[in-house]
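Since the structure comes first, as structure tokens, the remarks are kept for the end.
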Protein chains: 4
Amino acid sequence: MIRVLVWNEYEHERVEEKFKKNYPDGIHGCIAEFLGAEEDIEVKCATLQDENCGISKEILEETDVLIWWGHMKHGDVPDEVAYMVRDAVLSGMGLIVLHSAHHSKPFKYLLGTSCNLTWRNGDKEILWVTEPSHPITQGIDRCIILEEEEMYGEPFVIPTPDKLLFISNFSGGEVFRSGCLYERGNGKIFYFRPGDENYKTYYNPEIQRVIKNAVRFIAPTYRNTVDCPHVRKITDEGDYVM
Amino acid sequence: MIRVLVWNEYEHERVEEKFKKNYPDGIHGCIAEFLGAEEDIEVKCATLQDENCGISKEILEETDVLIWWGHMKHGDVPDEVAYMVRDAVLSGMGLIVLHSAHHSKPFKYLLGTSCNLTWRNGDKEILWVTEPSHPITQGIDRCIILEEEEMYGEPFVIPTPDKLLFISNFSGGEVFRSGCLYERGNGKIFYFRPGDENYKTYYNPEIQRVIKNAVRFIAPTYRNTVDCPHVRKITDEGDYVM
Amino acid sequence: MIRVLVWNEYEHERVEEKFKKNYPDGIHGCIAEFLGAEEDIEVKCATLQDENCGISKEILEETDVLIWWGHMKHGDVPDEVAYMVRDAVLSGMGLIVLHSAHHSKPFKYLLGTSCNLTWRNGDKEILWVTEPSHPITQGIDRCIILEEEEMYGEPFVIPTPDKLLFISNFSGGEVFRSGCLYERGNGKIFYFRPGDENYKTYYNPEIQRVIKNAVRFIAPTYRNTVDCPHVRKITDEGDYVM
Amino acid sequence: MIRVLVWNEYEHERVEEKFKKNYPDGIHGCIAEFLGAEEDIEVKCATLQDENCGISKEILEETDVLIWWGHMKHGDVPDEVAYMVRDAVLSGMGLIVLHSAHHSKPFKYLLGTSCNLTWRNGDKEILWVTEPSHPITQGIDRCIILEEEEMYGEPFVIPTPDKLLFISNFSGGEVFRSGCLYERGNGKIFYFRPGDENYKTYYNPEIQRVIKNAVRFIAPTYRNTVDCPHVRKITDEGDYVM
């Protein structure tokens with residue numbers, strides 16, 4: 001079983017009626033539902049309203065893949081929580097970062113850049129598969145069409161992705177690197193662009209398929225902290241770690 | 001002085017009236033003209049009609065940057081010529097590959113993949129800068145707009161570029177990795193998408209600016225063939241190369 | 001079942017007594033034996049002495065992972081065979097390239113560079129794991145020690161690997177990128193340095209473990225040729241491929 | 001003129017006699033001297049003992065390349081200073097990180113990983129050039145030999161470098177990625193391993209050559225903060241930035 005924790009800021013759709021209509025149980029509720037229906041996936045949720053964001057070292061140790069959605073309240077996540085997430089990823093936990101969480105602390109602390117981008121509301125988005133043989137794009141034809149989504153445009157201030165899986169075309173004329181895969185320490189990170197609170201994107205079966213694929217791809221096979229040991233010579237009786 | 005050789009297949013605009021109108025002196029003539037106007041650049045041309053394609057080992061040794069345009073007649077370039085170009089790049093010569101030369105032998109032999117893509121005629125193209133601080137994108141604002149160009153779409157079957165400098169949006173809904181930088185051996189390769197024979201793209205000052213920038217960026221500072229020597233131990237009197 | 005084809009030049013150990021002692025059934029025989037003992041792996045062999053090298057389009061279509069060992073007779077492999085292998089990789093087949101096959105045609109045609117390196121006989125080699133969480137390095141502690149192997153040294157004229165999994169230290173003072181992973185088209189390529197015919201390296205359980213891991217990691221989940229279609233506008237009734 | 005700021009923690013060689021003997025004017029003093037002798041380089045210094053570490057936003061704006069050396073007192077550098085350095089790099093300033101500064105805050109905040117490694121004292125180190133045509137390795141033959149240096153070993157917990165320029169062999173049997181180049185935002189970062197306070201490494205002309213080359217390579221041609229603007233459609237009268 002892959003143990004997934006879906007973390008959501010849960011502000012927009014908790015507070016404002018028009019977003020609540022899109023996601024009555026919160027964005028996390030929607031994601032938890034379609035993931036939980038999979039036989040090999042086990043889901044829990046946590047939100048900003050939970051004590052300490054619902055995150056602790058112990059909880060992260062029992063999490064294979066953490067999914068993160070946030071937008072307005074990135075600053076309310078304490079640095080200690082963000083560092084715990086970062087360290088769990090470096091030890092092997094997978095992290096899926098969705099949409100406006102490009103500006104979340106865990107993502108920015110792991111990538112080191114501003115993760116800035118340009119944006120505008122209300123365009124048709126077409127996400128093109130650039131790597132048709134990658135496990136994350138399996139089951140997707142050449143592209144995914146979203147009739148309406150928020151626009152995110154280049155430049156996207158990120159390190160060059162280890163692998164670029166999707167590029168978006170927006171009807172307003174922009175482009176965006178929408179599916180970005182990174183390896184950091186022992187863990188993998190997948191940034192996936194779609195999912196603004198204004199639209200019902202997470203009900204789209206193809207978007208769900210990508211997220212399910214990503215959960216399976218970035219779940220760790222190995223989990224360990226690589227520390228910084230003082231070592232002995234390898235020639236001293238075959239030992240090399242002090 | 002940077003010594004540039006502009007190589008052109010020179011079929012379309014030599015033979016067909018409608019293309020000749022766009023480029024009366026050939027695509028190579030147009031490129032040679034705007035490059036030759038630069039004080040630090042010296043230009044020669046060669047075409048498929050020249051003996052042995054106008055390429056020899058000696059000519060390539062006196063070339064800092066080779067620019068390649070081809071489309072219909074890739075197969076008419078002898079393998080030996082393509083291997084000479086490949087080896088010159090591995091030794092340090094820069095190579096700029098334009099538009100339909102994605103299917104040229106030198107490019108395919110250097111990258112190793114099919115370099116296949118999808119295509120369609122007649123779209124508005126917007127090339128977005130993804131790396132605003134790169135020397136090749138200097139002087140370009142956030143994007144270049146081409147009112148009409150041929151469409152190239154993903155997937156583009158290339159190795160992940162070392163650096164991706166431009167992504168195109170096409171009005172028909174597609175995207176494409178339009179500015180791809182590679183390092184191979186001691187040489188650099190820049191693939192730049194625009195420039196179909198149907199359109200007067202190489203007269204566009206921004207397109208010219210990118211090509212001028214690229215010439216300066218990929219001109220070699222170092223040129224040498226790295227061979228495969230049988231070496232001695234480094235401890236034998238400090239020697240390590242036999 | 002993962003279908004593996006072990007290809008071996010089979011010259012040294014077929015012809016010369018001292019190499020025959022190391023590998024009485026050929027290097028391919030040794031590799032086939034330890035791979036064939038795995039429940040999820042099915043092995044066949046082919047050698048240079050077989051008709052058309054024992055390679056055909058049909059055979060490659062029934063191969064998930066091709067392992068390649070060669071040294072003296074790279075030139076005797078026909079270009080058509082090498083191109084068949086290249087195209088099978090681009091369509092998704094995995095390729096494991098061992099030791100002196102750095103100069104084999106399939107590897108060089110897929111990478112595009114000379115794949116030159118420096119070399120010397122008879123050193124202790126220590127292969128250090130640089131990516132402890134990668135599936136290919138699982139089960140290996142921090143390093144693999146080979147008391148005697150041929151030395152390969154930098155510079156190794158290859159494209160920057162997509163992922164570098166092992167770096168070797170040689171007692172003579174050199175270093176080498178010994179485990180290099182590439183993705184090309186829909187296929188994966190793993191270069192693994194050890195395995196000179198002078199030494200019994202392929203009997204080493206840790207070396208066997210790496211090769212078994214690599215077979216499982218690069219076996220394709222997806223296999224398809226990405227061609228270069230002329231497409232229609234995506235807006236014409238939702239169609240985009242002509 | 002390239003404006004360099006050499007920052008040094010300045011603890012070891014200020015306080016302990018045996019290190020003071022190696023670097024009577026501090027490690028920064030030694031580096032400033034050989035850099036300042038270059039006609040195109042202008043050098044200033046700052047240390048941990050200076051007010052606010054001798055760093056301010058204004059000072060960084062007038063710095064093209066910041067060189068950073070630290071070891072025992074990484075924690076004494078305030079987070080605000082480290083963030084200022086990070087943001088200056090993202091805007092285009094070059095950063096050279098030396099030896100034990102692999103654990104400095106600016107480097108770790110920019111890379112996002114732990115930057116852990118293994119270590120041991122007192123080995124012969126041979127740094128091999130992996131990229132002989134790179135501007136940073138110009139003037140260096142195939143390797144640099146340091147008769148005695150501290151040993152750093154893999155795994156080095158860093159993101160895969162954009163370009164790997166040196167790999168070290170240590171006589172004790174280890175290896176290390178010793179010259180690592182990154183691009184982050186508009187800036188470049190070069191990590192260079194040698195330079196323990198126990199040894200007079202920064203007097204070595206080849207080490208000096210690498211540092212001089214690096215200063216010239218990572219000095220910015222472009223400096224600008226890429227922010228996150230709300231944009232208008234590109235079709236509204238050609239405007240796209242609000």
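Letters A, B, ... go to the chains of the structure tokens in the order shown; residues in each chain start at 1; ligands are counted from 1 in the same order.
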Output chain C, superimposed onto chain A using in-order Cα pairs, as a short mmCIF file (atom, residue, chain, number, x, y, z; two decimals) with C-alpha atoms, in the first residue's frame:
data_model
loop_
_atom_site.label_atom_id
_atom_site.label_comp_id
_atom_site.auth_asym_id
_atom_site.auth_seq_id
_atom_site.Cartn_x
_atom_site.Cartn_y
_atom_site.Cartn_z
CA MET C 1 -0.01 0.00 0.00
CA ILE C 2 1.19 3.47 -0.87
CA ARG C 3 0.42 5.82 2.03
CA VAL C 4 -0.62 9.24 0.73
CA LEU C 5 -1.15 12.37 2.78
CA VAL C 6 -3.14 15.11 1.00
CA TRP C 7 -2.35 18.48 2.51
CA ASN C 8 -4.55 21.44 1.68
CA GLU C 9 -4.49 25.04 2.84
CA TYR C 10 -8.31 24.79 2.71
CA GLU C 11 -9.08 28.50 2.73
CA HIS C 12 -10.84 29.39 -0.54
CA GLU C 13 -13.32 26.52 -0.60
CA ARG C 14 -13.92 26.56 3.17
CA VAL C 15 -14.74 30.26 3.30
CA GLU C 16 -16.10 31.36 -0.08
CA GLU C 17 -19.36 30.02 -1.44
CA LYS C 18 -18.37 29.94 -5.10
CA PHE C 19 -15.32 27.75 -4.41
CA LYS C 20 -17.25 25.59 -1.95
CA LYS C 21 -19.58 24.73 -4.80
CA ASN C 22 -16.66 23.38 -6.80
CA TYR C 23 -15.21 21.41 -3.90
CA PRO C 24 -17.77 20.88 -1.10
CA ASP C 25 -15.35 18.66 0.84
CA GLY C 26 -12.34 20.78 -0.02
CA ILE C 27 -9.81 20.23 -2.76
CA HIS C 28 -8.18 17.66 -0.47
CA GLY C 29 -11.48 15.85 -0.15
CA CYS C 30 -11.81 15.53 -3.90
CA ILE C 31 -8.24 14.30 -4.35
CA ALA C 32 -8.53 11.92 -1.40
CA GLU C 33 -11.67 10.43 -2.90
CA PHE C 34 -10.30 9.49 -6.29
CA LEU C 35 -6.98 8.32 -4.85
CA GLY C 36 -8.66 6.34 -2.08
CA ALA C 37 -10.66 4.42 -4.67
CA GLU C 38 -7.42 2.80 -5.87
CA GLU C 39 -6.62 -0.58 -4.38
CA ASP C 40 -2.95 0.10 -3.78
CA ILE C 41 -3.36 3.58 -2.27
CA GLU C 42 -4.30 4.56 1.29
CA VAL C 43 -5.16 8.22 1.93
CA LYS C 44 -5.16 10.62 4.87
CA CYS C 45 -5.71 14.38 4.85
CA ALA C 46 -4.36 17.35 6.75
CA THR C 47 -5.05 21.06 6.49
CA LEU C 48 -3.71 24.40 7.67
CA GLN C 49 -6.45 24.47 10.31
CA ASP C 50 -5.10 21.35 12.00
CA GLU C 51 -2.73 21.71 14.90
CA ASN C 52 0.77 22.33 13.57
CA CYS C 53 -0.77 22.00 10.08
CA GLY C 54 -1.45 18.34 10.81
CA ILE C 55 2.22 17.60 10.17
CA SER C 56 4.77 16.01 12.47
CA LYS C 57 7.97 14.06 12.00
CA GLU C 58 6.13 10.85 12.90
CA ILE C 59 3.33 11.50 10.43
CA LEU C 60 5.81 12.15 7.63
CA GLU C 61 7.68 8.97 8.46
CA GLU C 62 4.44 7.09 7.83
CA THR C 63 3.81 8.95 4.57
CA ASP C 64 5.09 7.67 1.23
CA VAL C 65 3.75 10.53 -0.87
CA LEU C 66 2.71 13.98 0.31
CA ILE C 67 0.44 16.04 -1.97
CA TRP C 68 0.46 19.79 -1.32
CA TRP C 69 -2.10 22.44 -2.35
CA GLY C 70 -1.91 26.03 -1.07
CA HIS C 71 -2.43 29.56 -2.34
CA MET C 72 -3.26 32.50 -0.04
CA LYS C 73 -1.70 31.36 3.21
CA HIS C 74 1.75 30.04 2.31
CA GLY C 75 3.16 32.34 4.99
CA ASP C 76 1.04 30.73 7.70
CA VAL C 77 2.86 27.43 7.35
CA PRO C 78 5.61 27.57 10.00
CA ASP C 79 9.16 27.25 8.76
CA GLU C 80 9.64 24.22 11.02
CA VAL C 81 6.84 22.40 9.22
CA ALA C 82 8.30 23.30 5.83
CA TYR C 83 11.75 22.08 6.93
CA MET C 84 10.25 18.81 8.19
CA VAL C 85 8.71 18.27 4.77
CA ARG C 86 11.97 19.15 3.02
CA ASP C 87 13.95 16.74 5.18
CA ALA C 88 11.40 13.96 4.66
CA VAL C 89 11.78 14.40 0.89
CA LEU C 90 15.57 14.32 1.15
CA SER C 91 15.19 11.04 3.05
CA GLY C 92 12.99 9.54 0.34
CA MET C 93 9.36 10.68 0.73
CA GLY C 94 7.68 11.68 -2.55
CA LEU C 95 6.17 15.17 -2.91
CA ILE C 96 3.51 16.23 -5.42
CA VAL C 97 3.11 19.99 -5.63
CA LEU C 98 -0.09 21.24 -7.26
CA HIS C 99 -0.86 24.51 -9.02
CA SER C 100 -0.46 27.61 -6.79
CA ALA C 101 1.68 25.60 -4.38
CA HIS C 102 4.56 26.62 -6.70
CA HIS C 103 4.94 29.36 -4.08
CA SER C 104 4.61 27.06 -1.06
CA LYS C 105 7.48 26.92 1.39
CA PRO C 106 8.29 23.21 0.98
CA PHE C 107 8.62 23.58 -2.79
CA LYS C 108 10.64 26.78 -2.65
CA TYR C 109 12.93 25.49 0.09
CA LEU C 110 13.60 22.30 -1.88
CA LEU C 111 14.24 24.03 -5.21
CA GLY C 112 16.02 27.12 -3.90
CA THR C 113 14.61 29.54 -6.47
CA SER C 114 11.77 32.07 -6.28
CA CYS C 115 9.43 29.84 -8.33
CA ASN C 116 7.91 33.05 -9.71
CA LEU C 117 5.78 32.97 -12.87
CA THR C 118 3.27 35.18 -14.70
CA TRP C 119 -0.46 34.58 -14.47
CA ARG C 120 -3.90 35.55 -15.74
CA ASN C 121 -7.40 34.13 -15.34
CA GLY C 122 -9.62 32.24 -17.67
CA ASP C 123 -8.02 30.54 -20.64
CA LYS C 124 -8.35 27.26 -22.43
CA GLU C 125 -5.34 25.13 -21.53
CA ILE C 126 -3.89 22.28 -23.55
CA LEU C 127 -1.25 20.20 -21.77
CA TRP C 128 1.00 18.42 -24.27
CA VAL C 129 2.87 15.26 -23.36
CA THR C 130 6.57 15.72 -24.12
CA GLU C 131 7.63 12.29 -22.82
CA PRO C 132 5.14 9.69 -24.07
CA SER C 133 6.96 6.74 -22.50
CA HIS C 134 7.22 8.14 -18.98
CA PRO C 135 5.21 6.27 -16.30
CA ILE C 136 3.51 9.54 -15.27
CA THR C 137 2.08 10.14 -18.76
CA GLN C 138 0.78 6.60 -19.32
CA GLY C 139 -2.86 6.46 -20.35
CA ILE C 140 -2.80 10.03 -21.61
CA ASP C 141 -3.07 10.52 -25.35
CA ARG C 142 -1.03 13.30 -26.91
CA CYS C 143 -2.61 16.04 -24.81
CA ILE C 144 -5.13 16.94 -22.09
CA ILE C 145 -7.61 19.71 -22.92
CA LEU C 146 -9.03 21.85 -20.10
CA GLU C 147 -11.71 24.18 -21.40
CA GLU C 148 -11.06 26.76 -18.70
CA GLU C 149 -8.22 27.21 -16.26
CA GLU C 150 -6.06 29.93 -14.80
CA MET C 151 -3.11 30.83 -17.03
CA TYR C 152 0.47 30.43 -15.79
CA GLY C 153 3.20 31.69 -18.12
CA GLU C 154 6.97 31.58 -18.60
CA PRO C 155 9.44 32.49 -17.36
CA PHE C 156 8.92 30.06 -14.49
CA VAL C 157 11.88 30.64 -12.20
CA ILE C 158 12.79 27.04 -11.35
CA PRO C 159 15.94 24.97 -11.75
CA THR C 160 15.91 23.13 -15.09
CA PRO C 161 13.68 20.11 -14.35
CA ASP C 162 15.37 16.72 -14.36
CA LYS C 163 12.58 15.70 -16.70
CA LEU C 164 9.92 17.85 -18.36
CA LEU C 165 6.72 15.83 -18.91
CA PHE C 166 4.09 18.38 -19.94
CA ILE C 167 4.13 21.80 -21.61
CA SER C 168 0.91 23.86 -21.61
CA ASN C 169 -0.48 26.00 -24.40
CA PHE C 170 -2.91 28.71 -23.31
CA SER C 171 -5.41 30.19 -25.71
CA GLY C 172 -4.20 33.67 -24.74
CA GLY C 173 -0.87 32.86 -26.35
CA GLU C 174 1.33 31.75 -23.46
CA VAL C 175 3.21 28.55 -22.66
CA PHE C 176 4.27 26.92 -19.38
CA ARG C 177 6.34 23.97 -18.17
CA SER C 178 3.40 22.20 -16.51
CA GLY C 179 4.82 18.85 -15.48
CA CYS C 180 8.26 19.07 -13.87
CA LEU C 181 10.05 16.17 -12.24
CA TYR C 182 12.95 16.56 -9.79
CA GLU C 183 15.10 14.25 -7.73
CA ARG C 184 16.44 15.75 -4.52
CA GLY C 185 18.40 13.62 -2.07
CA ASN C 186 16.61 10.27 -1.92
CA GLY C 187 13.21 11.72 -2.83
CA LYS C 188 11.33 12.72 -5.94
CA ILE C 189 9.24 15.86 -6.48
CA PHE C 190 6.58 16.32 -9.16
CA TYR C 191 5.13 19.74 -9.89
CA PHE C 192 1.83 19.62 -11.81
CA ARG C 193 0.30 22.92 -12.87
CA PRO C 194 -3.49 22.53 -13.18
CA GLY C 195 -6.01 22.94 -10.39
CA ASP C 196 -7.17 26.46 -9.68
CA GLU C 197 -9.97 26.73 -7.10
CA ASN C 198 -12.16 28.49 -9.69
CA TYR C 199 -12.49 25.38 -11.84
CA LYS C 200 -13.45 21.78 -11.28
CA THR C 201 -10.18 20.51 -12.69
CA TYR C 202 -9.57 17.75 -10.14
CA TYR C 203 -12.74 15.97 -11.30
CA ASN C 204 -11.22 15.58 -14.78
CA PRO C 205 -10.39 11.86 -15.28
CA GLU C 206 -7.19 12.60 -17.20
CA ILE C 207 -5.92 14.97 -14.51
CA GLN C 208 -6.78 12.28 -11.95
CA ARG C 209 -4.89 9.75 -14.05
CA VAL C 210 -1.74 11.89 -14.04
CA ILE C 211 -1.92 12.33 -10.26
CA LYS C 212 -2.45 8.58 -9.71
CA ASN C 213 0.47 7.80 -12.02
CA ALA C 214 2.61 10.33 -10.19
CA VAL C 215 1.78 8.84 -6.77
CA ARG C 216 2.93 5.42 -7.96
CA PHE C 217 6.03 6.80 -9.68
CA ILE C 218 7.36 8.87 -6.79
CA ALA C 219 6.54 6.53 -3.93
CA PRO C 220 9.92 5.64 -2.44
CA THR C 221 11.62 2.26 -2.82
CA TYR C 222 14.32 3.41 -0.43
CA ARG C 223 14.25 5.68 2.57
CA ASN C 224 17.28 6.77 4.49
CA THR C 225 18.98 9.93 5.62
CA VAL C 226 22.42 10.39 4.11
CA ASP C 227 24.45 12.09 6.79
CA CYS C 228 27.96 13.48 6.82
CA PRO C 229 30.20 10.95 8.56
CA HIS C 230 33.84 11.20 9.45
CA VAL C 231 35.26 8.09 7.76
CA ARG C 232 38.34 5.93 8.03
CA LYS C 233 40.51 4.79 5.17
CA ILE C 234 38.96 2.03 3.12
CA THR C 235 42.24 0.15 3.34
CA ASP C 236 42.10 -0.23 7.14
CA GLU C 237 40.77 -3.79 7.24
CA GLY C 238 38.09 -3.09 4.68
CA ASP C 239 36.35 -0.56 6.89
CA TYR C 240 35.52 2.82 5.50
CA VAL C 241 32.82 4.22 7.77
CA MET C 242 33.85 5.27 11.24
#
Could you pull out the residues in segment 44-83 of chain D that DSSP calls strand (DSSP E or B) from the backbone, as number ranges by chain?
-> D: 44-47, 65-69
